[in-house]
>>> print(open('work01.cif').read())   # mmCIF, C-alpha atoms; chains and numbers go by the auth columns
data_structure
loop_
_atom_site.group_PDB
_atom_site.id
_atom_site.type_symbol
_atom_site.label_atom_id
_atom_site.label_comp_id
_atom_site.label_asym_id
_atom_site.label_seq_id
_atom_site.Cartn_x
_atom_site.Cartn_y
_atom_site.Cartn_z
_atom_site.B_iso_or_equiv
_atom_site.auth_seq_id
_atom_site.auth_asym_id
ATOM 1 C CA MET A 1 12.444 -16.031 27.772 0.00 267 W
ATOM 2 C CA ALA A 2 10.561 -19.305 27.514 0.00 268 W
ATOM 3 C CA LEU A 3 7.324 -20.666 26.012 0.00 269 W
ATOM 4 C CA ARG A 4 5.091 -21.928 28.819 0.00 270 W
ATOM 5 C CA SER A 5 1.686 -23.572 29.019 0.00 271 W
ATOM 6 C CA PHE A 6 -1.154 -21.806 30.832 0.00 272 W
ATOM 7 C CA LEU A 7 -4.783 -22.630 31.618 0.00 273 W
ATOM 8 C CA GLY A 8 -4.324 -26.361 31.208 0.00 274 W
ATOM 9 C CA GLY A 9 -2.798 -26.028 27.733 0.00 275 W
ATOM 10 C CA ASP A 10 -5.488 -23.696 26.369 0.00 276 W
ATOM 11 C CA ILE A 11 -2.863 -20.952 25.988 0.00 277 W
ATOM 12 C CA PHE A 12 0.891 -21.005 25.411 0.00 278 W
ATOM 13 C CA ALA A 13 2.846 -17.842 26.062 0.00 279 W
ATOM 14 C CA GLU A 14 6.297 -16.288 25.892 0.00 280 W
ATOM 15 C CA VAL A 15 7.416 -15.412 29.426 0.00 281 W
ATOM 16 C CA HIS A 16 9.922 -12.550 29.706 0.00 282 W
ATOM 17 C CA GLY A 17 12.096 -11.614 32.665 0.00 283 W
ATOM 18 C CA GLU A 18 13.099 -13.273 35.921 0.00 284 W
ATOM 19 C CA THR A 19 10.850 -11.283 38.256 0.00 285 W
ATOM 20 C CA ALA A 20 7.073 -11.217 38.679 0.00 286 W
ATOM 21 C CA PRO A 21 5.434 -10.225 35.369 0.00 287 W
ATOM 22 C CA GLU A 22 4.135 -6.672 35.021 0.00 288 W
ATOM 23 C CA VAL A 23 3.036 -6.586 31.366 0.00 289 W
ATOM 24 C CA LEU A 24 0.481 -8.597 29.387 0.00 290 W
ATOM 25 C CA ALA A 25 0.938 -8.161 25.610 0.00 291 W
ATOM 26 C CA LEU A 26 -1.652 -9.362 23.071 0.00 292 W
ATOM 27 C CA HIS A 27 -0.706 -9.796 19.404 0.00 293 W
ATOM 28 C CA GLY A 28 -2.546 -9.156 16.154 0.00 294 W
ATOM 29 C CA TRP A 29 -4.488 -11.486 13.866 0.00 295 W
ATOM 30 C CA GLY A 30 -2.340 -14.172 12.275 0.00 296 W
ATOM 31 C CA ARG A 31 0.600 -13.268 14.497 0.00 297 W
ATOM 32 C CA ARG A 32 1.880 -14.642 17.815 0.00 298 W
ATOM 33 C CA GLY A 33 3.331 -13.551 21.137 0.00 299 W
ATOM 34 C CA ASN A 34 6.909 -13.367 19.892 0.00 300 W
ATOM 35 C CA ASP A 35 5.969 -10.170 18.022 0.00 301 W
ATOM 36 C CA PHE A 36 6.684 -8.516 21.384 0.00 302 W
ATOM 37 C CA ASN A 37 10.187 -9.927 21.923 0.00 303 W
ATOM 38 C CA ALA A 38 11.872 -6.589 21.233 0.00 304 W
ATOM 39 C CA VAL A 39 9.148 -4.622 23.026 0.00 305 W
ATOM 40 C CA LEU A 40 9.583 -6.616 26.244 0.00 306 W
ATOM 41 C CA GLU A 41 13.386 -6.630 26.222 0.00 307 W
ATOM 42 C CA GLY A 42 14.507 -5.762 29.749 0.00 308 W
ATOM 43 C CA LEU A 43 10.943 -6.030 31.101 0.00 309 W
ATOM 44 C CA SER A 44 9.008 -8.798 32.844 0.00 310 W
ATOM 45 C CA GLY A 45 5.839 -9.846 31.086 0.00 311 W
ATOM 46 C CA ILE A 46 3.717 -12.478 29.389 0.00 312 W
ATOM 47 C CA ALA A 47 2.988 -12.479 25.650 0.00 313 W
ATOM 48 C CA PRO A 48 0.518 -15.268 24.858 0.00 314 W
ATOM 49 C CA ASP A 49 -0.246 -16.893 21.556 0.00 315 W
ATOM 50 C CA LEU A 50 -3.961 -16.099 21.503 0.00 316 W
ATOM 51 C CA PRO A 51 -6.265 -19.099 20.951 0.00 317 W
ATOM 52 C CA GLY A 52 -6.042 -20.254 17.336 0.00 318 W
ATOM 53 C CA PHE A 53 -2.571 -18.805 16.720 0.00 319 W
ATOM 54 C CA GLY A 54 0.939 -20.114 17.235 0.00 320 W
ATOM 55 C CA ALA A 55 1.036 -22.916 19.808 0.00 321 W
ATOM 56 C CA SER A 56 -2.394 -22.217 21.316 0.00 322 W
ATOM 57 C CA PRO A 57 -5.319 -24.383 20.123 0.00 323 W
ATOM 58 C CA ALA A 58 -8.292 -22.733 18.440 0.00 324 W
ATOM 59 C CA PRO A 59 -11.530 -22.092 20.327 0.00 325 W
ATOM 60 C CA GLY A 60 -14.180 -24.766 19.948 0.00 326 W
ATOM 61 C CA ASP A 61 -16.843 -22.233 18.950 0.00 327 W
ATOM 62 C CA VAL A 62 -17.147 -19.048 16.932 0.00 328 W
ATOM 63 C CA ILE A 63 -16.450 -16.292 19.463 0.00 329 W
ATOM 64 C CA GLY A 64 -15.813 -12.562 19.418 0.00 330 W
ATOM 65 C CA ALA A 65 -13.387 -10.306 21.230 0.00 331 W
ATOM 66 C CA ASP A 66 -15.461 -10.330 24.428 0.00 332 W
ATOM 67 C CA ALA A 67 -15.176 -14.115 24.716 0.00 333 W
ATOM 68 C CA TYR A 68 -11.458 -13.939 23.894 0.00 334 W
ATOM 69 C CA ALA A 69 -11.167 -11.463 26.769 0.00 335 W
ATOM 70 C CA ASP A 70 -12.839 -13.951 29.105 0.00 336 W
ATOM 71 C CA ILE A 71 -10.270 -16.591 28.122 0.00 337 W
ATOM 72 C CA VAL A 72 -7.315 -14.217 28.515 0.00 338 W
ATOM 73 C CA ALA A 73 -8.646 -13.123 31.917 0.00 339 W
ATOM 74 C CA GLY A 74 -7.497 -16.520 33.207 0.00 340 W
ATOM 75 C CA LEU A 75 -3.895 -15.328 32.777 0.00 341 W
ATOM 76 C CA LEU A 76 -4.372 -12.477 35.253 0.00 342 W
ATOM 77 C CA ASP A 77 -3.860 -14.857 38.178 0.00 343 W
ATOM 78 C CA SER A 78 -0.184 -14.917 37.125 0.00 344 W
ATOM 79 C CA PHE A 79 0.265 -11.247 38.108 0.00 345 W
ATOM 80 C CA ASP A 80 0.835 -9.885 41.607 0.00 346 W
ATOM 81 C CA ARG A 81 -0.805 -6.606 40.603 0.00 347 W
ATOM 82 C CA PRO A 82 -2.884 -5.376 37.650 0.00 348 W
ATOM 83 C CA PRO A 83 -0.555 -5.494 34.621 0.00 349 W
ATOM 84 C CA VAL A 84 0.062 -2.909 31.958 0.00 350 W
ATOM 85 C CA LEU A 85 -2.026 -4.263 29.084 0.00 351 W
ATOM 86 C CA VAL A 86 -0.647 -3.922 25.551 0.00 352 W
ATOM 87 C CA GLY A 87 -2.686 -4.741 22.477 0.00 353 W
ATOM 88 C CA HIS A 88 -1.804 -4.680 18.784 0.00 354 W
ATOM 89 C CA SER A 89 -4.521 -4.920 16.127 0.00 355 W
ATOM 90 C CA PHE A 90 -6.770 -7.910 16.982 0.00 356 W
ATOM 91 C CA GLY A 91 -5.064 -8.188 20.367 0.00 357 W
ATOM 92 C CA GLY A 92 -6.095 -4.601 21.027 0.00 358 W
ATOM 93 C CA ARG A 93 -9.735 -5.548 20.447 0.00 359 W
ATOM 94 C CA VAL A 94 -9.324 -8.197 23.131 0.00 360 W
ATOM 95 C CA ALA A 95 -7.457 -5.794 25.422 0.00 361 W
ATOM 96 C CA VAL A 96 -10.243 -3.191 25.241 0.00 362 W
ATOM 97 C CA CYS A 97 -12.889 -5.797 26.027 0.00 363 W
ATOM 98 C CA LEU A 98 -10.761 -7.170 28.879 0.00 364 W
ATOM 99 C CA THR A 99 -10.348 -3.699 30.377 0.00 365 W
ATOM 100 C CA ALA A 100 -14.056 -2.902 30.061 0.00 366 W
ATOM 101 C CA ARG A 101 -15.126 -6.238 31.568 0.00 367 W
ATOM 102 C CA TYR A 102 -12.523 -6.499 34.363 0.00 368 W
ATOM 103 C CA PRO A 103 -11.407 -2.927 35.130 0.00 369 W
ATOM 104 C CA GLU A 104 -10.150 -3.798 38.603 0.00 370 W
ATOM 105 C CA LEU A 105 -7.844 -6.523 37.268 0.00 371 W
ATOM 106 C CA VAL A 106 -5.857 -4.587 34.655 0.00 372 W
ATOM 107 C CA GLY A 107 -3.733 -1.450 34.759 0.00 373 W
ATOM 108 C CA PRO A 108 -2.917 1.165 32.110 0.00 374 W
ATOM 109 C CA LEU A 109 -3.676 0.313 28.494 0.00 375 W
ATOM 110 C CA VAL A 110 -1.313 0.714 25.509 0.00 376 W
ATOM 111 C CA LEU A 111 -2.942 0.215 22.098 0.00 377 W
ATOM 112 C CA THR A 112 -1.488 0.265 18.605 0.00 378 W
ATOM 113 C CA GLY A 113 -3.070 -0.295 15.195 0.00 379 W
ATOM 114 C CA VAL A 114 -6.384 -1.485 16.680 0.00 380 W
ATOM 115 C CA PRO A 115 -9.625 -1.451 14.625 0.00 381 W
ATOM 116 C CA LEU A 116 -11.543 0.063 17.534 0.00 382 W
ATOM 117 C CA ILE A 117 -14.285 1.740 15.525 0.00 383 W
ATOM 118 C CA ARG A 118 -15.772 0.817 12.172 0.00 384 W
ATOM 119 C CA LEU A 119 -15.589 3.944 10.075 0.00 385 W
ATOM 120 C CA GLU A 120 -18.217 4.149 7.355 0.00 386 W
ATOM 121 C CA THR A 121 -16.517 3.702 4.001 0.00 387 W
ATOM 122 C CA GLY A 122 -19.596 3.666 1.785 0.00 388 W
ATOM 123 C CA ARG A 123 -18.024 0.900 -0.312 0.00 389 W
ATOM 124 C CA ARG A 124 -20.187 -1.932 -1.639 0.00 390 W
ATOM 125 C CA PRO A 125 -18.905 -5.362 -2.686 0.00 391 W
ATOM 126 C CA PRO A 126 -17.888 -5.470 -6.348 0.00 392 W
ATOM 127 C CA ALA A 127 -20.765 -5.981 -8.796 0.00 393 W
ATOM 128 C CA ALA A 128 -19.332 -9.317 -9.997 0.00 394 W
ATOM 129 C CA TYR A 129 -19.383 -10.686 -6.442 0.00 395 W
ATOM 130 C CA ARG A 130 -22.925 -9.391 -5.800 0.00 396 W
ATOM 131 C CA PHE A 131 -24.025 -11.107 -9.009 0.00 397 W
ATOM 132 C CA ALA A 132 -22.333 -14.375 -7.981 0.00 398 W
ATOM 133 C CA LYS A 133 -24.061 -14.187 -4.597 0.00 399 W
ATOM 134 C CA TRP A 134 -27.436 -13.742 -6.326 0.00 400 W
ATOM 135 C CA LEU A 135 -26.720 -16.689 -8.615 0.00 401 W
ATOM 136 C CA ASN A 136 -25.958 -18.793 -5.521 0.00 402 W
ATOM 137 C CA GLN A 137 -29.191 -17.694 -3.843 0.00 403 W
ATOM 138 C CA VAL A 138 -31.270 -18.817 -6.836 0.00 404 W
ATOM 139 C CA GLY A 139 -29.363 -22.086 -7.115 0.00 405 W
ATOM 140 C CA LEU A 140 -27.440 -21.398 -10.316 0.00 406 W
ATOM 141 C CA ILE A 141 -23.964 -21.701 -8.803 0.00 407 W
ATOM 142 C CA SER A 142 -22.812 -23.907 -5.935 0.00 408 W
ATOM 143 C CA ASP A 143 -21.794 -22.933 -2.432 0.00 409 W
ATOM 144 C CA GLU A 144 -18.277 -24.102 -3.310 0.00 410 W
ATOM 145 C CA ARG A 145 -18.131 -21.705 -6.281 0.00 411 W
ATOM 146 C CA LEU A 146 -19.312 -18.817 -4.093 0.00 412 W
ATOM 147 C CA GLU A 147 -16.714 -19.740 -1.489 0.00 413 W
ATOM 148 C CA ARG A 148 -14.000 -19.545 -4.155 0.00 414 W
ATOM 149 C CA GLU A 149 -15.265 -16.064 -5.060 0.00 415 W
ATOM 150 C CA LYS A 150 -15.060 -15.028 -1.397 0.00 416 W
ATOM 151 C CA ARG A 151 -11.506 -16.339 -1.089 0.00 417 W
ATOM 152 C CA ASN A 152 -10.406 -14.597 -4.267 0.00 418 W
ATOM 153 C CA ARG A 153 -11.832 -11.267 -3.166 0.00 419 W
ATOM 154 C CA GLY A 154 -11.223 -11.452 0.593 0.00 420 W
ATOM 155 C CA SER A 155 -8.372 -9.972 2.577 0.00 421 W
ATOM 156 C CA ALA A 156 -5.103 -11.832 3.072 0.00 422 W
ATOM 157 C CA ASP A 157 -6.258 -12.682 6.613 0.00 423 W
ATOM 158 C CA TYR A 158 -9.502 -14.128 5.260 0.00 424 W
ATOM 159 C CA ARG A 159 -7.746 -16.168 2.578 0.00 425 W
ATOM 160 C CA SER A 160 -5.263 -17.639 5.063 0.00 426 W
ATOM 161 C CA ALA A 161 -7.876 -18.497 7.718 0.00 427 W
ATOM 162 C CA SER A 162 -9.971 -21.647 7.633 0.00 428 W
ATOM 163 C CA GLY A 163 -12.604 -23.465 9.665 0.00 429 W
ATOM 164 C CA VAL A 164 -13.632 -21.870 12.927 0.00 430 W
ATOM 165 C CA MET A 165 -10.896 -19.214 12.682 0.00 431 W
ATOM 166 C CA ARG A 166 -12.333 -17.870 9.424 0.00 432 W
ATOM 167 C CA ASP A 167 -15.763 -17.608 11.045 0.00 433 W
ATOM 168 C CA ILE A 168 -14.203 -15.873 14.067 0.00 434 W
ATOM 169 C CA LEU A 169 -12.477 -13.404 11.734 0.00 435 W
ATOM 170 C CA VAL A 170 -15.764 -12.574 10.005 0.00 436 W
ATOM 171 C CA LYS A 171 -17.373 -12.023 13.410 0.00 437 W
ATOM 172 C CA VAL A 172 -14.690 -9.759 14.870 0.00 438 W
ATOM 173 C CA VAL A 173 -14.205 -7.579 11.790 0.00 439 W
ATOM 174 C CA ASN A 174 -17.860 -6.607 12.111 0.00 440 W
ATOM 175 C CA GLU A 175 -17.478 -5.601 15.757 0.00 441 W
ATOM 176 C CA SER A 176 -17.057 -2.025 17.005 0.00 442 W
ATOM 177 C CA TYR A 177 -16.128 -0.994 20.529 0.00 443 W
ATOM 178 C CA GLU A 178 -17.607 2.420 21.254 0.00 444 W
ATOM 179 C CA GLY A 179 -19.385 1.105 24.350 0.00 445 W
ATOM 180 C CA GLN A 180 -16.279 -0.550 25.783 0.00 446 W
ATOM 181 C CA LEU A 181 -14.120 2.524 25.140 0.00 447 W
ATOM 182 C CA ALA A 182 -16.582 4.774 26.944 0.00 448 W
ATOM 183 C CA ARG A 183 -16.416 2.537 30.042 0.00 449 W
ATOM 184 C CA ILE A 184 -12.620 2.680 30.358 0.00 450 W
ATOM 185 C CA THR A 185 -11.579 5.093 33.104 0.00 451 W
ATOM 186 C CA GLY A 186 -7.875 4.254 33.447 0.00 452 W
ATOM 187 C CA PRO A 187 -5.111 5.815 31.340 0.00 453 W
ATOM 188 C CA VAL A 188 -4.876 4.793 27.692 0.00 454 W
ATOM 189 C CA GLN A 189 -1.881 5.433 25.414 0.00 455 W
ATOM 190 C CA LEU A 190 -2.558 5.170 21.666 0.00 456 W
ATOM 191 C CA ILE A 191 0.563 4.650 19.545 0.00 457 W
ATOM 192 C CA TRP A 192 -0.091 4.691 15.803 0.00 458 W
ATOM 193 C CA GLY A 193 1.989 4.369 12.685 0.00 459 W
ATOM 194 C CA GLU A 194 1.448 7.387 10.458 0.00 460 W
ATOM 195 C CA ALA A 195 1.696 5.082 7.424 0.00 461 W
ATOM 196 C CA ASP A 196 -0.735 2.453 8.780 0.00 462 W
ATOM 197 C CA THR A 197 -3.016 1.678 5.829 0.00 463 W
ATOM 198 C CA GLU A 198 -4.796 -1.233 7.536 0.00 464 W
ATOM 199 C CA VAL A 199 -6.035 0.822 10.494 0.00 465 W
ATOM 200 C CA PRO A 200 -5.450 4.497 9.650 0.00 466 W
ATOM 201 C CA VAL A 201 -4.801 7.240 12.172 0.00 467 W
ATOM 202 C CA SER A 202 -8.393 8.447 11.696 0.00 468 W
ATOM 203 C CA VAL A 203 -9.538 5.380 13.663 0.00 469 W
ATOM 204 C CA ALA A 204 -7.303 6.352 16.582 0.00 470 W
ATOM 205 C CA GLU A 205 -8.578 9.928 16.440 0.00 471 W
ATOM 206 C CA ALA A 206 -12.201 8.771 16.486 0.00 472 W
ATOM 207 C CA ALA A 207 -11.507 6.453 19.435 0.00 473 W
ATOM 208 C CA GLN A 208 -9.636 9.192 21.265 0.00 474 W
ATOM 209 C CA ALA A 209 -12.834 11.231 21.491 0.00 475 W
ATOM 210 C CA LEU A 210 -14.554 8.431 23.439 0.00 476 W
ATOM 211 C CA ILE A 211 -11.872 7.785 26.086 0.00 477 W
ATOM 212 C CA SER A 212 -11.734 9.886 29.236 0.00 478 W
ATOM 213 C CA ASP A 213 -7.974 9.631 29.944 0.00 479 W
ATOM 214 C CA VAL A 214 -6.073 9.218 26.685 0.00 480 W
ATOM 215 C CA SER A 215 -3.055 10.400 24.715 0.00 481 W
ATOM 216 C CA LEU A 216 -2.133 9.744 21.091 0.00 482 W
ATOM 217 C CA GLU A 217 1.386 9.412 19.684 0.00 483 W
ATOM 218 C CA ILE A 218 1.802 9.197 15.906 0.00 484 W
ATOM 219 C CA LEU A 219 5.013 7.638 14.587 0.00 485 W
ATOM 220 C CA PRO A 220 6.246 9.123 11.277 0.00 486 W
ATOM 221 C CA GLY A 221 7.113 6.597 8.589 0.00 487 W
ATOM 222 C CA VAL A 222 5.842 3.603 10.583 0.00 488 W
ATOM 223 C CA GLY A 223 3.155 1.238 9.259 0.00 489 W
ATOM 224 C CA HIS A 224 0.748 -1.185 10.888 0.00 490 W
ATOM 225 C CA PHE A 225 3.211 -3.512 12.628 0.00 491 W
ATOM 226 C CA VAL A 226 4.444 -1.135 15.308 0.00 492 W
ATOM 227 C CA PRO A 227 5.572 -3.891 17.743 0.00 493 W
ATOM 228 C CA VAL A 228 8.081 -5.049 15.125 0.00 494 W
ATOM 229 C CA GLN A 229 8.796 -1.784 13.305 0.00 495 W
ATOM 230 C CA ALA A 230 9.064 0.557 16.305 0.00 496 W
ATOM 231 C CA PRO A 231 9.252 -1.586 19.466 0.00 497 W
ATOM 232 C CA GLU A 232 11.044 1.137 21.414 0.00 498 W
ATOM 233 C CA ALA A 233 7.974 3.398 21.218 0.00 499 W
ATOM 234 C CA ILE A 234 5.800 0.778 22.909 0.00 500 W
ATOM 235 C CA ARG A 235 8.522 -0.099 25.421 0.00 501 W
ATOM 236 C CA GLU A 236 8.819 3.540 26.479 0.00 502 W
ATOM 237 C CA ALA A 237 5.027 3.762 26.892 0.00 503 W
ATOM 238 C CA ILE A 238 5.118 0.668 29.092 0.00 504 W
ATOM 239 C CA LYS A 239 7.922 2.074 31.221 0.00 505 W
ATOM 240 C CA LYS A 240 5.978 5.295 31.667 0.00 506 W
ATOM 241 C CA ALA A 241 2.880 3.338 32.714 0.00 507 W
ATOM 242 C CA LEU A 242 4.900 1.318 35.253 0.00 508 W
ATOM 243 C CA ARG A 243 6.206 4.417 37.071 0.00 509 W
#
>>> encode(input="work01.cif", output="structure tokens")
Amino acid sequence: MALRSFLGGDIFAEVHGETAPEVLALHGWGRRGNDFNAVLEGLSGIAPDLPGFGASPAPGDVIGADAYADIVAGLLDSFDRPPVLVGHSFGGRVAVCLTARYPELVGPLVLTGVPLIRLETGRRPPAAYRFAKWLNQVGLISDERLEREKRNRGSADYRSASGVMRDILVKVVNESYEGQLARITGPVQLIWGEADTEVPVSVAEAAQALISDVSLEILPGVGHFVPVQAPEAIREAIKKALR
């Protein structure tokens, strides 16, 4: 296993195995390719640090999952045949867009903990934040004060992101992929942690209804980080897809 540069230094990736790669694994937000070290044990594959994470430089513009997919598509020249595509969380967003945009270039899809569909929660921002936003709009508090309110109330991912990556996060969390899912005709394996509170099983079940060739495996006692918590489940799905 070694970290190699691809696409002129736009992406760095962990390369597993001594033979031609057969798996492309895409990590979640704030993570990096080495999340898949245990998953890819004994397999040949590439696990990139997606742009803006790990060793890979951030994109120059605010882009969504579709544009990330276009960047990642440059890695497909490294494969002799369409790879099994694995995506966790944010990486699964990219994987779905990649499959929908370039169906002839990728093989079976394995997804875990991916926010594929925005389920309506009915929740509004807290009243204190709505009031602060109104005060900012009428010029009574500064943009900097409102930004502090956003940081204090935002998710851990939002608080840890900055610059273009924070703007990218805001863009992608508002995306939903019903259209892309409906265009996928190849086999899709959904592997979900039963205890995933970030992307609950109900998201997988809603996505399942939109995919023509799909199966869902729910892992008891496992949370959101399936590649780390239950790597063997993903590895077995990959092996099945490679047969």
>>> residues_around(input="work01.cif", residues="W:Leu309", least_positions_apart="2", cutoff="9 Å", atoms="only C-alpha atoms", output="list in words")
His282, Gly283, Glu284, Thr285, Pro287, Glu288, Val289, Val305, Leu306, Glu307, Gly311, Arg501 and Lys505 of chain W
>>> residues_around(input="work01.cif", residues="W:Thr378", least_positions_apart="6", cutoff="6 Å", atoms="all atoms listed in the file", output="compact mmCIF listing (two decimals) with C-alpha atoms, in the frame of the given file")
# COMPACT_ATOMS: atom_id res chain seq x y z
CA HIS W 354 -1.80 -4.68 18.78
CA LEU W 456 -2.56 5.17 21.67
CA ILE W 457 0.56 4.65 19.55
CA TRP W 458 -0.09 4.69 15.80
>>> resolve_selection(input="work01.cif", expression="the PyMOL selection byres ((chain W and resi 268-273) around 10)", output="list in words")
Met267, Gly274, Gly275, Asp276, Ile277, Phe278, Ala279, Glu280, Val281, His282, Gly283, Gly299, Asn300, Ile312, Ala313, Pro314, Asp315, Ala321, Ser322, Ile337, Val338, Gly340, Leu341 and Ser344 of chain W
>>> resolve_selection(input="work01.cif", expression="the PyMOL selection byres ((chain W and resi 352) around 8)", output="list in words")
Val289, Leu290, Ala291, Leu292, Val350, Leu351, Gly353, His354, Gly358, Ala361, Leu375, Val376 and Leu377 of chain W
>>> atom_distance(input="work01.cif", atom1="atom CA of W:Val430", atom2="atom CA of W:Asp343")
28.0 Å
>>> residues_near_point(input="work01.cif", point="(-7.8, -18.3, 11.9)", cutoff="12 Å", atoms="all atoms listed in the file", output="JSON, numbers by chain")
{"W": [294, 295, 296, 297, 298, 316, 317, 318, 319, 320, 322, 323, 324, 325, 328, 329, 356, 422, 423, 424, 425, 426, 427, 428, 429, 430, 431, 432, 433, 434, 435, 436, 437, 438]}
>>> closest_residue(input="work01.cif", among="W:Asn303, W:Ala286, W:Val469, W:Asn402", to="W:Pro497", atoms="only C-alpha atoms")
W:Asn303
>>> closest_residue(input="work01.cif", among="W:Ala331, W:Ile484, W:Ala473, W:Val439", to="W:Val454", atoms="all atoms listed in the file")
W:Ala473
>>> resolve_selection(input="work01.cif", expression="the PyMOL selection byres ((chain W and resi 348) around 7)", output="JSON, numbers by chain")
{"W": [345, 347, 349, 350, 371, 372, 373]}
>>> closest_residue(input="work01.cif", among="W:Glu441, W:Glu483, W:Glu498, W:Asp332", to="W:Glu471", atoms="only C-alpha atoms")
W:Glu483
>>> atom_distance(input="work01.cif", atom1="atom CA of W:Ala398", atom2="atom CA of W:Arg384")
26.1 Å
>>> closest_residue(input="work01.cif", among="W:Thr365, W:Asn440, W:Ser408, W:Gln495", to="W:Pro453", atoms="all atoms listed in the file")
W:Thr365
>>> atom_distance(input="work01.cif", atom1="atom CA of W:Gln446", atom2="atom CA of W:Ser310")
27.5 Å
>>> closest_residue(input="work01.cif", among="W:Ser442, W:Ser355, W:Gln403, W:Thr451", to="W:Arg367", atoms="all atoms listed in the file")
W:Thr451
>>> axis_aligned_box(input="work01.cif", around="stretch 362-365 of chain W", padding_each_side="5 Å", output="JSON")
{"center_x": -11.6, "center_y": -5.2, "center_z": 27.8, "size_x": 12.6, "size_y": 14.0, "size_z": 15.1}
>>> closest_residue(input="work01.cif", among="W:His490, W:Arg359, W:Lys506, W:Arg449", to="W:Glu464", atoms="all atoms listed in the file")
W:His490
>>> decode(input="work01.cif", residues="stretch 454-472 of chain W", atoms="N, CA and C atoms", output="PDB file, in the first residue's frame")
ATOM      1  N   VAL W 454     -26.701  -2.517  -7.178  1.00  0.00           N
ATOM      2  CA  VAL W 454     -26.347  -1.638  -6.063  1.00  0.00           C
ATOM      3  C   VAL W 454     -26.547  -2.403  -4.759  1.00  0.00           C
ATOM      4  N   GLN W 455     -25.516  -2.427  -3.923  1.00  0.00           N
ATOM      5  CA  GLN W 455     -25.605  -3.028  -2.587  1.00  0.00           C
ATOM      6  C   GLN W 455     -25.567  -1.902  -1.561  1.00  0.00           C
ATOM      7  N   LEU W 456     -26.620  -1.788  -0.753  1.00  0.00           N
ATOM      8  CA  LEU W 456     -26.666  -0.823   0.344  1.00  0.00           C
ATOM      9  C   LEU W 456     -26.320  -1.559   1.630  1.00  0.00           C
ATOM     10  N   ILE W 457     -25.327  -1.042   2.355  1.00  0.00           N
ATOM     11  CA  ILE W 457     -24.915  -1.636   3.628  1.00  0.00           C
ATOM     12  C   ILE W 457     -25.012  -0.533   4.688  1.00  0.00           C
ATOM     13  N   TRP W 458     -25.893  -0.727   5.656  1.00  0.00           N
ATOM     14  CA  TRP W 458     -26.195   0.361   6.594  1.00  0.00           C
ATOM     15  C   TRP W 458     -26.030  -0.095   8.029  1.00  0.00           C
ATOM     16  N   GLY W 459     -25.487   0.787   8.848  1.00  0.00           N
ATOM     17  CA  GLY W 459     -25.441   0.530  10.277  1.00  0.00           C
ATOM     18  C   GLY W 459     -26.809   0.779  10.897  1.00  0.00           C
ATOM     19  N   GLU W 460     -27.306  -0.194  11.622  1.00  0.00           N
ATOM     20  CA  GLU W 460     -28.610  -0.052  12.269  1.00  0.00           C
ATOM     21  C   GLU W 460     -28.625   1.145  13.220  1.00  0.00           C
ATOM     22  N   ALA W 461     -27.473   1.441  13.831  1.00  0.00           N
ATOM     23  CA  ALA W 461     -27.380   2.519  14.811  1.00  0.00           C
ATOM     24  C   ALA W 461     -26.845   3.814  14.195  1.00  0.00           C
ATOM     25  N   ASP W 462     -26.928   3.955  12.875  1.00  0.00           N
ATOM     26  CA  ASP W 462     -26.462   5.174  12.208  1.00  0.00           C
ATOM     27  C   ASP W 462     -27.442   6.307  12.505  1.00  0.00           C
ATOM     28  N   THR W 463     -27.029   7.268  13.311  1.00  0.00           N
ATOM     29  CA  THR W 463     -27.887   8.408  13.630  1.00  0.00           C
ATOM     30  C   THR W 463     -27.659   9.588  12.693  1.00  0.00           C
ATOM     31  N   GLU W 464     -26.550   9.577  11.953  1.00  0.00           N
ATOM     32  CA  GLU W 464     -26.286  10.664  11.001  1.00  0.00           C
ATOM     33  C   GLU W 464     -27.094  10.481   9.723  1.00  0.00           C
ATOM     34  N   VAL W 465     -27.123   9.254   9.217  1.00  0.00           N
ATOM     35  CA  VAL W 465     -27.925   8.930   8.032  1.00  0.00           C
ATOM     36  C   VAL W 465     -28.704   7.661   8.368  1.00  0.00           C
ATOM     37  N   PRO W 466     -29.902   7.784   8.913  1.00  0.00           N
ATOM     38  CA  PRO W 466     -30.622   6.611   9.415  1.00  0.00           C
ATOM     39  C   PRO W 466     -31.040   5.649   8.307  1.00  0.00           C
ATOM     40  N   VAL W 467     -31.389   4.457   8.729  1.00  0.00           N
ATOM     41  CA  VAL W 467     -31.782   3.398   7.791  1.00  0.00           C
ATOM     42  C   VAL W 467     -32.954   3.842   6.920  1.00  0.00           C
ATOM     43  N   SER W 468     -33.795   4.727   7.414  1.00  0.00           N
ATOM     44  CA  SER W 468     -34.942   5.198   6.624  1.00  0.00           C
ATOM     45  C   SER W 468     -34.503   5.852   5.319  1.00  0.00           C
ATOM     46  N   VAL W 469     -33.310   6.454   5.295  1.00  0.00           N
ATOM     47  CA  VAL W 469     -32.787   7.025   4.054  1.00  0.00           C
ATOM     48  C   VAL W 469     -32.480   5.918   3.060  1.00  0.00           C
ATOM     49  N   ALA W 470     -31.846   4.854   3.534  1.00  0.00           N
ATOM     50  CA  ALA W 470     -31.549   3.711   2.658  1.00  0.00           C
ATOM     51  C   ALA W 470     -32.830   3.095   2.118  1.00  0.00           C
ATOM     52  N   GLU W 471     -33.842   2.974   2.967  1.00  0.00           N
ATOM     53  CA  GLU W 471     -35.103   2.372   2.535  1.00  0.00           C
ATOM     54  C   GLU W 471     -35.798   3.232   1.492  1.00  0.00           C
ATOM     55  N   ALA W 472     -35.733   4.552   1.652  1.00  0.00           N
ATOM     56  CA  ALA W 472     -36.329   5.445   0.661  1.00  0.00           C
ATOM     57  C   ALA W 472     -35.577   5.368  -0.664  1.00  0.00           C
TER      58      ALA W 472
END
